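Colleague: There's a structure below that I have some questions on.
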Amino acid sequence: MKSRMEELQNISGQEFDLCVIGGGATGSACALDAQLRGIRTVLLEAGDFAGATSSAATKIIHGGVRYLEEAIKDVDPKEYHVVVRALHERVRMLDNAPHLTRKLEFLVPSFHWLDVAYLDIGLKIYDWLAGSARISPSKFVSREDTLRRMPQLNRDGLLGSVEYADGQFDDARYNLALVHTFEHQGGQALNHCRVTEFQRDSAGRLSGVVAVDQIGGATLNLSARAIVNATGPVSDLIRQMATPSVSKRMRLSKGSHILFPLDLFPTDDAMLIPKTEAGSVLFAVPWGGRLLVGTTEREVEPGDDLYVTEEEITYLLRQLNKYLAKPLQPSDVVAGFAGARPLASAGEGESTQKIARDDVIEIDAKSGLISIMGGKWTTHRAMAEDTINAVQKALGVPVSESPTRTHVLHGGEGFTSDLWEKLIRVYPLSRETAHHLAAKFGTAAWNVLELTRTNSNLAQPLLPGSAQIQAEVVYAVREELAANIEDMISRRIGLQYYSWRDAIKAASVVGSLMAQELQWTSAQEREAVTRYVERINFFLQRAGLQPEANPVGRSSAA
């Protein structure tokens, strides 16, 4: 990627074939698909790439076992369509970003033979629907093997488990890989750039946008022959900016997740709890050296601040602890996150839990705005393909085949599972750092480590003993448009999802490195660090945990 200043200069005043508003999973995938089809495209994001819903997923690439059950029970073709489409898209996600994804086995602990039979039949249908895209067949696992793989399970009455396979991914890094690949194909992208109004032609149809750089305050004007609204939770805001009379379509469902040290429930496999007291499912998933537990479902409104509450932690633990030999405690929580699922609905009467996770493409007859709404992470690529088909029709050009079905994303080119070993042979790294860099950056890890040749201090860890190193911060500013400390610690290097308290401790050194790269003044650096620490302490407080008493220490960086 280019620097933010370069992108600002390259975008302002230019003419594009397509402007995509929204740099989450769907918007970034739309931009990449369009650019690969030869459509000159610009991507604008009001916050950070993956800064909202797209980095708040359960980190699972899945068809949706719960959606299949609802499709069968309710005879709902929409849910059936979601499952079938997602089952086939799973494999494309795994193939297109091998460094950011992996196959994952799920165990469903069973305590009644009737449950075993029910699950076995349902998961056989899941396998059958996947067809040639099936990862591995579902099967019954004995009590002994179940406890060997999950030794901390509650043993009382346990018969065994039913096993099935889905995928797992790093959502924030996957989103960044979409953006990075888009820019490598000649596209132009800018985060922290909010669209504030539309330009229109003499007939009142959209012809461009006016946007404000949220960092420097500059106003950008650019022309575009077509405009895609891929803003997820705020889709209605953009739709009504284009045509004030349109009715709202979005319903938002808040999902919260919490993370624990993995040694409290050591496992390489994921666990699915098939029925919570709220009627949904719950996942306990090993991810990034932690046990990730989620999710909740509660309707919220656009603009609501999303964070994990003490009440949600109590709820999640009440569901999880029934399955554990030794209950987890709220004080065991080390991190958490929450996001709003954007669900496209025809009305307000139904529960968000009952709204199908299908997507909707809307073309506004008055303004020409193309909105892609709803959907889920696993189907982001297919959603983008359908959207760009609509864009080509709007532009009056033949609809061409989408190249994204088999297009490997940035960092995945030439990736092999032993990349971390290759890194260690060339650079003096710990195994933990080598694994971390390979998993976050793929083959781009070589570019990160190249920075340490000219400045050996950048090979130092961000915190004593941490896997993250200082070179990642410099690389993310120069190549990934990281503009503030949360961009960095949360989505670029993932430390915020590993430990809130470690994130606070790393804030000063990250701030110092970013200040050097972005030429912040001392006052700007202090303000950036303080603001970030206050935000994480707020998360700790809302979760019912003790905030850091004296968190901002002075820490020098290279």
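Labels for the structure tokens follow display order: chains A, B, ..., residues from 1 in each chain, ligands from 1.
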Contacts of Glu432 of chain A at 9 Å or less, counting only C-alpha atoms, minus same-chain residues fewer than 6 places along, as JSON, numbers by chain?

Modeller: {"A": [466, 467, 468]}

Colleague: Report as an mmCIF file with N, CA, C and O atoms, in the first residue's frame all protein, DNA and RNA residues lying within 7 Å of segment 482-486 of chain A, evaluated on only C-alpha atoms, omitting residues in the same chain fewer than 3 positions from it.

Modeller:
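And here is the file that came out, around.cif:
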data_model
loop_
_atom_site.group_PDB
_atom_site.id
_atom_site.type_symbol
_atom_site.label_atom_id
_atom_site.label_comp_id
_atom_site.auth_asym_id
_atom_site.auth_seq_id
_atom_site.Cartn_x
_atom_site.Cartn_y
_atom_site.Cartn_z
ATOM 1 N N ALA A 476 3.312 -1.613 9.340
ATOM 2 C CA ALA A 476 1.880 -1.343 9.248
ATOM 3 C C ALA A 476 1.585 0.128 8.967
ATOM 4 O O ALA A 476 0.581 0.457 8.340
ATOM 5 N N VAL A 477 2.443 1.040 9.439
ATOM 6 C CA VAL A 477 2.280 2.457 9.102
ATOM 7 C C VAL A 477 2.632 2.687 7.640
ATOM 8 O O VAL A 477 1.901 3.362 6.900
ATOM 9 N N ILE A 489 -2.703 -1.939 17.370
ATOM 10 C CA ILE A 489 -2.690 -2.986 18.388
ATOM 11 C C ILE A 489 -3.861 -3.948 18.208
ATOM 12 O O ILE A 489 -3.734 -5.149 18.466
ATOM 13 N N SER A 490 -4.973 -3.442 17.738
ATOM 14 C CA SER A 490 -6.140 -4.306 17.560
ATOM 15 C C SER A 490 -6.066 -5.097 16.265
ATOM 16 O O SER A 490 -5.983 -6.327 16.287
ATOM 17 N N VAL A 510 4.324 1.438 21.117
ATOM 18 C CA VAL A 510 3.660 1.560 19.816
ATOM 19 C C VAL A 510 3.471 3.030 19.464
ATOM 20 O O VAL A 510 3.727 3.455 18.325
ATOM 21 N N GLY A 511 3.060 3.836 20.445
ATOM 22 C CA GLY A 511 2.891 5.263 20.204
ATOM 23 C C GLY A 511 4.184 5.933 19.804
ATOM 24 O O GLY A 511 4.210 6.792 18.911
ATOM 25 N N ALA A 528 -2.399 10.428 21.999
ATOM 26 C CA ALA A 528 -2.777 9.180 21.335
ATOM 27 C C ALA A 528 -2.685 7.999 22.297
ATOM 28 O O ALA A 528 -3.583 7.147 22.346
ATOM 29 N N TYR A 532 -5.943 5.891 23.905
ATOM 30 C CA TYR A 532 -6.066 4.446 23.709
ATOM 31 C C TYR A 532 -6.178 3.716 25.042
ATOM 32 O O TYR A 532 -7.028 2.829 25.221
#

Colleague: Quick one: everything within 9 Å of Glu362 of chain A, counting only C-alpha atoms, minus sequence neighbours fewer than 6 positions away in the same chain. Send it as a PyMOL selection string.

Modeller: chain A and resi 369-373

Colleague: Can you write just those residues out, all heavy atoms, as a PDB file, in the first residue's frame?

Modeller:
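Final file, part-v6.pdb:
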ATOM      1  N   LEU A 369     -27.811   4.378  -6.657  1.00  0.00           N
ATOM      2  CA  LEU A 369     -26.966   3.765  -5.628  1.00  0.00           C
ATOM      3  C   LEU A 369     -27.203   2.260  -5.581  1.00  0.00           C
ATOM      4  O   LEU A 369     -28.342   1.800  -5.554  1.00  0.00           O
ATOM      5  CB  LEU A 369     -27.275   4.376  -4.262  1.00  0.00           C
ATOM      6  CG  LEU A 369     -26.488   3.811  -3.070  1.00  0.00           C
ATOM      7  CD1 LEU A 369     -25.016   4.209  -3.154  1.00  0.00           C
ATOM      8  CD2 LEU A 369     -27.097   4.289  -1.747  1.00  0.00           C
ATOM      9  N   ILE A 370     -26.102   1.510  -5.539  1.00  0.00           N
ATOM     10  CA  ILE A 370     -26.166   0.052  -5.416  1.00  0.00           C
ATOM     11  C   ILE A 370     -25.764  -0.315  -3.992  1.00  0.00           C
ATOM     12  O   ILE A 370     -24.636  -0.058  -3.577  1.00  0.00           O
ATOM     13  CB  ILE A 370     -25.234  -0.636  -6.432  1.00  0.00           C
ATOM     14  CG1 ILE A 370     -25.623  -0.247  -7.858  1.00  0.00           C
ATOM     15  CG2 ILE A 370     -25.264  -2.151  -6.253  1.00  0.00           C
ATOM     16  CD1 ILE A 370     -24.631  -0.695  -8.917  1.00  0.00           C
ATOM     17  N   SER A 371     -26.701  -0.889  -3.240  1.00  0.00           N
ATOM     18  CA  SER A 371     -26.432  -1.256  -1.850  1.00  0.00           C
ATOM     19  C   SER A 371     -26.386  -2.767  -1.718  1.00  0.00           C
ATOM     20  O   SER A 371     -27.282  -3.461  -2.196  1.00  0.00           O
ATOM     21  CB  SER A 371     -27.508  -0.696  -0.918  1.00  0.00           C
ATOM     22  OG  SER A 371     -27.490   0.716  -0.900  1.00  0.00           O
ATOM     23  N   ILE A 372     -25.342  -3.270  -1.059  1.00  0.00           N
ATOM     24  CA  ILE A 372     -25.252  -4.683  -0.712  1.00  0.00           C
ATOM     25  C   ILE A 372     -25.411  -4.771   0.798  1.00  0.00           C
ATOM     26  O   ILE A 372     -24.626  -4.191   1.553  1.00  0.00           O
ATOM     27  CB  ILE A 372     -23.928  -5.319  -1.210  1.00  0.00           C
ATOM     28  CG1 ILE A 372     -23.761  -6.746  -0.660  1.00  0.00           C
ATOM     29  CG2 ILE A 372     -22.715  -4.464  -0.869  1.00  0.00           C
ATOM     30  CD1 ILE A 372     -24.745  -7.742  -1.191  1.00  0.00           C
ATOM     31  N   MET A 373     -26.444  -5.495   1.248  1.00  0.00           N
ATOM     32  CA  MET A 373     -26.793  -5.511   2.668  1.00  0.00           C
ATOM     33  C   MET A 373     -26.915  -6.942   3.170  1.00  0.00           C
ATOM     34  O   MET A 373     -27.243  -7.856   2.411  1.00  0.00           O
ATOM     35  CB  MET A 373     -28.114  -4.770   2.889  1.00  0.00           C
ATOM     36  CG  MET A 373     -28.070  -3.297   2.504  1.00  0.00           C
ATOM     37  SD  MET A 373     -29.713  -2.513   2.554  1.00  0.00           S
ATOM     38  CE  MET A 373     -30.435  -3.162   1.047  1.00  0.00           C
TER      39      MET A 373
END

Colleague: According to DSSP computed on the backbone, where in segment 170-231 of chain A is there alpha helix (DSSP H)? Give the residues as a ChimeraX atom specification.

Modeller: /A:171-184

Colleague: Output N, CA and C atoms for every residue in the selection just made, as an mmCIF file, in the first residue's frame.

Modeller:
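Below is the file selection-v9.cif, written as the result:
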data_model
loop_
_atom_site.group_PDB
_atom_site.id
_atom_site.type_symbol
_atom_site.label_atom_id
_atom_site.label_comp_id
_atom_site.auth_asym_id
_atom_site.auth_seq_id
_atom_site.Cartn_x
_atom_site.Cartn_y
_atom_site.Cartn_z
ATOM 1 N N ASP A 171 -9.977 -12.691 11.040
ATOM 2 C CA ASP A 171 -10.863 -11.811 10.283
ATOM 3 C C ASP A 171 -10.250 -10.451 9.947
ATOM 4 N N ALA A 172 -9.612 -9.813 10.922
ATOM 5 C CA ALA A 172 -9.041 -8.487 10.660
ATOM 6 C C ALA A 172 -7.937 -8.556 9.611
ATOM 7 N N ARG A 173 -7.037 -9.546 9.749
ATOM 8 C CA ARG A 173 -5.943 -9.668 8.785
ATOM 9 C C ARG A 173 -6.459 -10.102 7.407
ATOM 10 N N TYR A 174 -7.517 -10.909 7.376
ATOM 11 C CA TYR A 174 -8.090 -11.305 6.091
ATOM 12 C C TYR A 174 -8.640 -10.070 5.372
ATOM 13 N N ASN A 175 -9.314 -9.211 6.114
ATOM 14 C CA ASN A 175 -9.840 -7.966 5.543
ATOM 15 C C ASN A 175 -8.700 -7.097 4.998
ATOM 16 N N LEU A 176 -7.633 -6.975 5.781
ATOM 17 C CA LEU A 176 -6.482 -6.199 5.325
ATOM 18 C C LEU A 176 -5.842 -6.817 4.083
ATOM 19 N N ALA A 177 -5.837 -8.147 4.009
ATOM 20 C CA ALA A 177 -5.282 -8.818 2.826
ATOM 21 C C ALA A 177 -6.119 -8.499 1.590
ATOM 22 N N LEU A 178 -7.439 -8.404 1.743
ATOM 23 C CA LEU A 178 -8.290 -7.994 0.621
ATOM 24 C C LEU A 178 -7.914 -6.599 0.137
ATOM 25 N N VAL A 179 -7.737 -5.676 1.081
ATOM 26 C CA VAL A 179 -7.395 -4.294 0.720
ATOM 27 C C VAL A 179 -6.013 -4.240 0.086
ATOM 28 N N HIS A 180 -5.060 -4.947 0.688
ATOM 29 C CA HIS A 180 -3.689 -4.932 0.175
ATOM 30 C C HIS A 180 -3.654 -5.494 -1.255
ATOM 31 N N THR A 181 -4.389 -6.570 -1.492
ATOM 32 C CA THR A 181 -4.432 -7.179 -2.823
ATOM 33 C C THR A 181 -5.073 -6.217 -3.823
ATOM 34 N N PHE A 182 -6.128 -5.558 -3.397
ATOM 35 C CA PHE A 182 -6.800 -4.554 -4.234
ATOM 36 C C PHE A 182 -5.822 -3.462 -4.658
ATOM 37 N N GLU A 183 -5.030 -2.957 -3.715
ATOM 38 C CA GLU A 183 -4.069 -1.907 -4.060
ATOM 39 C C GLU A 183 -2.955 -2.425 -4.960
ATOM 40 N N HIS A 184 -2.553 -3.655 -4.755
ATOM 41 C CA HIS A 184 -1.528 -4.236 -5.622
ATOM 42 C C HIS A 184 -2.024 -4.368 -7.064
#

Colleague: Pull the strand (DSSP E or B) assignments for segment 354-517 of chain A out of DSSP run on the backbone, and list those residues as a list of chain:residue names.

Modeller: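 In segment 354-517 of chain A, DSSP puts these residues in strand (DSSP E or B): A:Asp359, A:Val360, A:Ile361, A:Glu362, A:Ile363, A:Ile370, A:Ser371, A:Ile372, A:Met373, A:Gly374, A:Pro461, A:Ile469.
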